[in-house]
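Structure file target05.txt; described as compact mmCIF, C-alpha atoms and all ligand atoms.
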# COMPACT_ATOMS: atom_id res chain seq x y z
CA MET E 175 29.88 3.08 -12.70
CA ARG E 176 27.67 0.15 -13.59
CA LYS E 177 26.43 -1.58 -10.45
CA PRO E 178 26.41 -5.33 -11.08
CA VAL E 179 23.11 -7.23 -11.04
CA ILE E 180 22.81 -10.85 -9.97
CA ALA E 181 19.36 -12.15 -10.89
CA GLY E 182 17.86 -15.56 -10.23
CA ASN E 183 15.31 -16.87 -12.71
CA TRP E 184 13.27 -19.53 -10.93
CA LYS E 185 11.40 -20.49 -14.11
CA MET E 186 8.40 -22.80 -13.45
CA TYR E 187 9.74 -24.18 -10.18
CA LYS E 188 8.58 -24.00 -6.55
CA LEU E 189 5.13 -23.97 -5.02
CA LEU E 190 4.33 -20.99 -2.84
CA GLY E 191 5.66 -22.39 0.42
CA GLU E 192 8.97 -23.38 -1.10
CA ALA E 193 9.34 -20.04 -2.85
CA VAL E 194 8.88 -18.23 0.46
CA ASP E 195 11.26 -20.61 2.25
CA THR E 196 13.97 -20.08 -0.37
CA ALA E 197 13.55 -16.30 -0.34
CA LEU E 198 13.71 -16.19 3.46
CA ALA E 199 16.74 -18.47 3.53
CA LEU E 200 18.47 -16.23 0.99
CA LYS E 201 17.85 -13.01 2.90
CA PRO E 202 20.46 -13.36 5.68
CA LEU E 203 22.99 -14.97 3.33
CA VAL E 204 23.12 -11.87 1.11
CA ALA E 205 22.29 -9.20 3.69
CA ASN E 206 25.79 -7.72 3.47
CA ALA E 207 26.08 -7.77 -0.31
CA ASN E 208 26.20 -4.10 -1.26
CA HIS E 209 28.37 -4.58 -4.32
CA CYS E 210 25.46 -5.67 -6.51
CA GLU E 211 21.71 -5.52 -7.00
CA ILE E 212 20.07 -8.82 -6.11
CA VAL E 213 16.93 -9.96 -7.93
CA ILE E 214 14.84 -13.13 -7.78
CA ALA E 215 12.11 -14.04 -10.24
CA PRO E 216 9.53 -16.47 -8.81
CA VAL E 217 6.43 -17.65 -10.67
CA PHE E 218 3.48 -15.24 -10.91
CA THR E 219 1.50 -16.91 -8.14
CA ALA E 220 4.31 -16.42 -5.63
CA LEU E 221 5.23 -12.84 -6.50
CA LYS E 222 3.07 -10.95 -4.04
CA THR E 223 3.81 -13.19 -1.07
CA VAL E 224 7.55 -13.31 -1.74
CA ALA E 225 7.69 -9.54 -2.32
CA ASP E 226 5.85 -8.92 0.96
CA ARG E 227 8.19 -11.19 2.87
CA LEU E 228 11.24 -9.48 1.37
CA GLU E 229 10.07 -5.94 2.03
CA GLY E 230 12.85 -3.83 3.49
CA SER E 231 15.54 -6.27 2.35
CA ASN E 232 18.11 -5.79 -0.40
CA ILE E 233 16.46 -8.41 -2.63
CA LYS E 234 14.25 -7.19 -5.47
CA VAL E 235 11.49 -9.22 -7.03
CA ALA E 236 11.01 -9.71 -10.77
CA ALA E 237 8.38 -11.43 -12.87
CA GLN E 238 9.36 -13.70 -15.74
CA ASN E 239 7.01 -12.29 -18.36
CA CYS E 240 4.26 -9.71 -18.84
CA SER E 241 1.48 -8.98 -21.27
CA THR E 242 1.94 -6.88 -24.38
CA GLU E 243 -1.32 -5.17 -23.39
CA VAL E 244 -1.22 -2.16 -21.12
CA SER E 245 -4.90 -1.46 -20.51
CA PHE E 246 -7.38 -3.50 -18.53
CA GLY E 247 -9.44 -5.53 -20.94
CA ALA E 248 -10.59 -8.83 -22.34
CA HIS E 249 -7.21 -10.60 -22.41
CA THR E 250 -7.93 -13.90 -20.71
CA GLY E 251 -4.89 -15.39 -19.02
CA GLU E 252 -2.72 -12.32 -19.41
CA ILE E 253 -1.05 -10.32 -16.63
CA SER E 254 -0.15 -6.69 -17.23
CA ALA E 255 3.04 -4.96 -16.17
CA GLU E 256 0.97 -2.67 -13.97
CA MET E 257 -0.39 -5.74 -12.14
CA LEU E 258 3.17 -6.94 -11.59
CA LYS E 259 4.13 -3.60 -10.13
CA ASP E 260 1.03 -3.79 -7.96
CA SER E 261 2.21 -7.21 -6.71
CA GLY E 262 5.51 -5.78 -5.48
CA CYS E 263 7.72 -6.40 -8.51
CA SER E 264 10.26 -3.83 -9.58
CA GLN E 265 11.55 -5.74 -12.57
CA VAL E 266 10.42 -8.12 -15.29
CA ILE E 267 12.34 -10.52 -17.51
CA ILE E 268 11.32 -10.08 -21.16
CA GLY E 269 12.04 -12.25 -24.19
CA HIS E 270 13.72 -15.15 -22.45
CA SER E 271 14.81 -17.71 -25.04
CA GLU E 272 12.38 -20.28 -23.64
CA ARG E 273 9.58 -17.86 -24.41
CA ARG E 274 10.93 -17.08 -27.85
CA GLN E 275 11.46 -20.79 -28.65
CA PHE E 276 8.44 -22.46 -27.05
CA TYR E 277 5.82 -19.70 -26.77
CA ARG E 278 6.33 -17.97 -30.09
CA GLU E 279 7.50 -14.72 -28.70
CA THR E 280 8.61 -12.50 -31.56
CA HIS E 281 10.78 -9.42 -31.95
CA GLY E 282 7.53 -7.45 -32.07
CA SER E 283 6.07 -8.87 -28.88
CA VAL E 284 9.36 -8.42 -27.04
CA ASN E 285 9.32 -4.76 -28.06
CA ARG E 286 5.71 -4.27 -26.95
CA LYS E 287 6.30 -6.03 -23.63
CA THR E 288 9.40 -3.96 -23.01
CA LYS E 289 7.43 -0.77 -23.61
CA ALA E 290 4.61 -2.04 -21.39
CA ALA E 291 7.10 -2.73 -18.59
CA LEU E 292 8.59 0.75 -18.83
CA ALA E 293 5.15 2.37 -18.91
CA ALA E 294 4.35 0.62 -15.64
CA GLY E 295 7.57 1.83 -14.05
CA LEU E 296 9.32 -1.54 -14.08
CA THR E 297 12.89 -2.25 -15.07
CA ALA E 298 12.96 -4.62 -18.04
CA ILE E 299 15.60 -7.32 -18.23
CA VAL E 300 15.60 -7.90 -21.98
CA CYS E 301 17.08 -11.24 -23.01
CA VAL E 302 18.98 -11.87 -26.22
CA GLY E 303 21.07 -14.79 -27.42
CA GLU E 304 21.78 -17.03 -30.37
CA MET E 305 21.03 -20.71 -30.95
CA LEU E 306 23.87 -23.20 -31.40
CA ALA E 307 23.27 -23.50 -35.16
CA GLU E 308 23.46 -19.73 -35.50
CA ARG E 309 26.78 -19.62 -33.65
CA GLU E 310 28.13 -22.45 -35.76
CA ALA E 311 27.03 -20.65 -38.92
CA GLY E 312 28.94 -17.57 -37.79
CA SER E 313 25.82 -15.44 -37.46
CA ALA E 314 25.67 -15.08 -33.65
CA GLU E 315 26.55 -11.38 -33.67
CA ASN E 316 23.98 -10.57 -36.36
CA VAL E 317 21.26 -12.49 -34.55
CA VAL E 318 21.91 -10.69 -31.28
CA LYS E 319 22.11 -7.34 -33.02
CA GLY E 320 18.76 -7.98 -34.68
CA GLN E 321 17.18 -8.91 -31.34
CA LEU E 322 18.55 -5.74 -29.74
CA VAL E 323 17.63 -3.34 -32.51
CA SER E 324 14.06 -4.62 -32.76
CA GLY E 325 13.57 -5.24 -29.04
CA LEU E 326 14.64 -1.71 -28.11
CA ASP E 327 13.06 0.01 -31.11
CA GLY E 328 11.46 3.33 -30.22
CA LEU E 329 12.97 3.53 -26.74
CA THR E 330 14.36 6.92 -25.74
CA VAL E 331 17.66 7.60 -24.02
CA ALA E 332 15.68 8.15 -20.79
CA ASP E 333 13.86 4.82 -21.26
CA MET E 334 17.19 3.06 -21.47
CA GLU E 335 17.88 3.85 -17.81
CA SER E 336 15.29 1.19 -17.01
CA ILE E 337 16.72 -1.44 -19.34
CA ILE E 338 19.07 -4.25 -18.41
CA ILE E 339 20.27 -6.58 -21.17
CA ALA E 340 20.84 -10.28 -20.51
CA TYR E 341 22.96 -12.14 -23.04
CA GLU E 342 22.06 -15.80 -22.85
CA PRO E 343 23.44 -18.05 -25.58
CA VAL E 344 20.70 -20.65 -25.99
CA TRP E 345 23.25 -23.49 -26.17
CA ALA E 346 24.48 -22.59 -22.68
CA ILE E 347 21.10 -22.52 -20.93
CA GLY E 348 20.53 -25.47 -18.62
CA THR E 349 23.21 -27.47 -20.43
CA GLY E 350 26.12 -27.06 -18.04
CA LYS E 351 28.01 -25.66 -21.05
CA THR E 352 28.94 -22.12 -20.07
CA ALA E 353 30.28 -19.71 -22.65
CA THR E 354 33.97 -19.16 -22.04
CA PRO E 355 34.77 -15.83 -20.41
CA GLU E 356 36.28 -14.78 -23.75
CA GLN E 357 33.12 -15.71 -25.68
CA ALA E 358 31.01 -13.81 -23.16
CA GLN E 359 33.25 -10.75 -23.29
CA GLU E 360 33.28 -10.79 -27.09
CA MET E 361 29.49 -10.76 -27.32
CA HIS E 362 29.05 -8.28 -24.47
CA GLY E 363 31.46 -5.92 -26.26
CA HIS E 364 29.41 -6.35 -29.43
CA ILE E 365 26.19 -5.61 -27.51
CA ARG E 366 27.69 -2.45 -26.04
CA ARG E 367 28.84 -1.29 -29.48
CA THR E 368 25.36 -1.96 -30.83
CA LEU E 369 23.81 0.09 -28.01
CA ALA E 370 26.21 2.91 -28.87
CA GLU E 371 24.88 2.81 -32.43
CA THR E 372 21.22 2.72 -31.41
CA HIS E 373 21.22 5.02 -28.37
CA GLY E 374 24.62 6.69 -28.14
CA LYS E 375 27.81 6.12 -26.21
CA GLU E 376 26.56 7.30 -22.84
CA VAL E 377 23.67 4.83 -22.84
CA ALA E 378 26.04 2.09 -23.99
CA ASP E 379 28.47 2.89 -21.17
CA ASN E 380 25.73 2.94 -18.53
CA THR E 381 23.67 -0.11 -19.51
CA ARG E 382 24.20 -3.25 -17.47
CA ILE E 383 24.74 -6.36 -19.60
CA LEU E 384 24.27 -9.65 -17.73
CA TYR E 385 25.53 -13.03 -18.84
CA GLY E 386 23.27 -16.07 -18.48
CA GLY E 387 23.72 -19.74 -19.25
CA SER E 388 24.97 -22.30 -16.73
CA VAL E 389 26.32 -19.71 -14.30
CA LYS E 390 27.44 -21.50 -11.12
CA PRO E 391 29.25 -20.57 -7.91
CA ASP E 392 32.51 -21.80 -9.39
CA ASN E 393 32.43 -19.85 -12.67
CA ILE E 394 30.84 -16.54 -11.64
CA ALA E 395 34.09 -14.84 -10.58
CA VAL E 396 35.88 -15.39 -13.87
CA LEU E 397 32.83 -14.25 -15.83
CA MET E 398 32.53 -11.13 -13.67
CA SER E 399 36.20 -10.35 -14.27
CA GLN E 400 35.39 -9.57 -17.90
CA GLU E 401 35.21 -5.87 -18.66
CA ASP E 402 31.73 -5.84 -20.17
CA VAL E 403 30.07 -8.47 -17.99
CA ASP E 404 27.98 -6.57 -15.44
CA GLY E 405 26.23 -9.42 -13.72
CA ALA E 406 24.44 -12.68 -14.29
CA LEU E 407 21.02 -14.13 -14.95
CA VAL E 408 21.07 -17.48 -13.18
CA GLY E 409 18.63 -20.33 -13.68
CA GLY E 410 19.35 -23.72 -12.09
CA ALA E 411 21.90 -22.48 -9.59
CA SER E 412 19.49 -19.85 -8.26
CA LEU E 413 16.97 -22.40 -7.02
CA GLU E 414 18.84 -23.11 -3.80
CA ALA E 415 19.48 -20.21 -1.46
CA GLU E 416 22.95 -21.36 -0.56
CA SER E 417 24.24 -21.73 -4.12
CA PHE E 418 22.61 -18.48 -5.28
CA ALA E 419 24.11 -16.68 -2.28
CA ARG E 420 27.55 -17.96 -3.26
CA ILE E 421 27.02 -16.47 -6.72
CA VAL E 422 25.85 -13.16 -5.26
CA ASN E 423 28.86 -13.13 -2.94
CA TYR E 424 31.32 -13.89 -5.75
CA LYS E 425 33.72 -11.21 -4.59
P1 LIG E 501 20.70 -21.80 -16.38
O1 LIG E 501 19.51 -20.86 -16.93
O2 LIG E 501 21.49 -20.97 -15.41
O3 LIG E 501 20.00 -22.95 -15.71
O4 LIG E 501 21.52 -22.22 -17.56
C1 LIG E 501 19.73 -19.51 -17.23
C2 LIG E 501 18.47 -18.87 -17.72
O5 LIG E 501 17.69 -19.53 -18.44
O6 LIG E 501 18.17 -17.70 -17.40

Take the structure from the file and write it as structure tokens.
Ligand code: PGA
Amino acid sequence: MRKPVIAGNWKMYKLLGEAVDTALALKPLVANANHCEIVIAPVFTALKTVADRLEGSNIKVAAQNCSTEVSFGAHTGEISAEMLKDSGCSQVIIGHSERRQFYRETHGSVNRKTKAALAAGLTAIVCVGEMLAEREAGSAENVVKGQLVSGLDGLTVADMESIIIAYEPVWAIGTGKTATPEQAQEMHGHIRRTLAETHGKEVADNTRILYGGSVKPDNIAVLMSQEDVDGALVGGASLEAESFARIVNYK
């Protein structure tokens, strides 16, 4: 059984006080949600404080990025996966399309970051997804396959237990244009078939595949009703405790 994951990506929003307020407001609203794993991803500077304040709750804390480098060293401005773990994170989002598009993240860096996350004992939420032009050109499935094959290159079957995939079509992120449930299911099925090719059927059957891109309280249930949709990565609608709680409590 794949336990659903509902993750909130706070992107570069919220100063420390607001991050804590939102996390504390969320806590009672989702306290009874046992049907899914709940994750929030604040900015780096809020991670430790938010994680401390959520200790003992059912809300996990994720970072939004980590360094490709695993050892301490002269890497000014970088934060290692081990440091994230040390700050109370259990997860990290890797290869978000905003990082691929605007910060030149490549297949290679996504792969190195994923390995760094696993080495530190974090769960990696690895993001894939095509641009609008790629979908219109009919190459969406190939693009996503390429991202998966290179992003997960060299990972063992055991490593895959700490991998969550997030399918986020770039044209649906922050646009209010959600993929239809059928489009999501189609791509999630393709991702699962690709995982079966790269790591075998058991890994494919056990890996959670989240959908992301304009997920809201009023479309989560229909997305979750799709066979291969195992949760959501939520941006805008995760910023307010009340709306994120409604997504978590979609059942
Ligand atoms: P959105 O963002 O829900 O605001 O579309 C999703 C994401 O970027 O993870």

For atom CA of E:Ile383 and atom CA of E:Glu192, the interatomic separation in Å (one decimal):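 Interatomic distance here is 29.7 Å.
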
At most 7 Å is the cut-off: for each residue in stretch 316-346 of chain E with any atom that close to an atom of stretch 359-380 of chain E, write down the nearest atom pair and the distance in Å rounded to one decimal, counting all atoms listed in the file, chain first then increasing number, as a Markdown table.
| residue | atom | partner | partner_atom | distance |
| --- | --- | --- | --- | --- |
| E:Lys319 | CA | E:Thr368 | CA | 6.7 |
| E:Val331 | CA | E:His373 | CA | 6.2 |
| E:Met334 | CA | E:Val377 | CA | 6.9 |

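Nearest residue to E:Ser241, choosing from E:Glu416, E:Asp404, E:Asp327, E:Glu256 and counting all atoms listed in the file: E:Glu256.
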
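Taking only C-alpha atoms and all ligand atoms into account, every polymer residue with at least one atom at most 8 Å away from ligand LIG 501 (chain E) is listed here: Gly182, Asn183, Lys185, His270, Ser271, Glu272, Glu342, Ala346, Ile347, Gly348, Thr349, Gly350, Thr352, Gly386, Gly387, Ser388, Val389, Lys390, Leu407, Val408, Gly409, Gly410, Ala411 and Ser412 of chain E.
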
Assuming 8 Å of padding per side, give the centre and edge lengths of the axis-aligned box around every listed atom of stretch 361-378 of chain E, in Å to one decimal and as AutoDock Vina command-line options.
--center_x 26.3 --center_y -1.7 --center_z -27.6 --size_x 26.2 --size_y 34.1 --size_z 25.6

Applying 10 Å and only C-alpha atoms, which residues near E:Pro355 remain after dropping the ones on its own chain fewer than 3 positions away? List them as a PyMOL selection string. chain E and resi 352+358-360+385+393-400+403

Counting only C-alpha atoms, which residues of stretch 193-268 of chain E sit at most 6 Å from some atom of stretch 291-310 of chain E, and what is each one's closest atom pair with its distance in Å to one decimal, listed by chain and rising residue number, as JSON lines?
{"residue": "E:Ala255", "atom": "CA", "partner": "E:Ala291", "partner_atom": "CA", "distance": 5.2}
{"residue": "E:Glu256", "atom": "CA", "partner": "E:Ala294", "partner_atom": "CA", "distance": 5.0}
{"residue": "E:Ser264", "atom": "CA", "partner": "E:Leu296", "partner_atom": "CA", "distance": 5.1}
{"residue": "E:Gln265", "atom": "CA", "partner": "E:Thr297", "partner_atom": "CA", "distance": 4.5}
{"residue": "E:Val266", "atom": "CA", "partner": "E:Ala298", "partner_atom": "CA", "distance": 5.1}
{"residue": "E:Ile267", "atom": "CA", "partner": "E:Ile299", "partner_atom": "CA", "distance": 4.6}
{"residue": "E:Ile268", "atom": "CA", "partner": "E:Val300", "partner_atom": "CA", "distance": 4.9}

May I have the residues within 8 Å of E:Ala205 as JSON, numbers by chain, using only C-alpha atoms and disregarding those fewer than 3 positions away in the same chain? {"E": [201, 202, 231, 232]}

Per residue of stretch 258-283 of chain E within 8 Å of stretch 206-223 of chain E, what are the shortest atom pair and its distance in Å to one decimal, counting all atoms listed in the file, with rows by chain and residue number, as a tab-separated table?
residue	atom	partner	partner_atom	distance
E:Ser261	CA	E:Lys222	CA	4.7
E:Gly262	CA	E:Lys222	CA	5.9
E:Cys263	CA	E:Leu221	CA	7.2
E:Val266	CA	E:Ala215	CA	8.0

Taking all atoms listed in the file into account, name the residue in E:Ala181, E:Leu189, E:Met257, E:Ala248 that is nearest to E:Ala236.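 Once distances to E:Ala236 are computed over all atoms listed in the file, the minimum belongs to E:Ala181.
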
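Put simply, atom CA of E:Phe418 is 22.9 Å away from atom CA of E:Ile337.
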
Please compute the atom CA of E:Ala340-atom CA of E:Val318 distance, one decimal, in Å. 10.8 Å
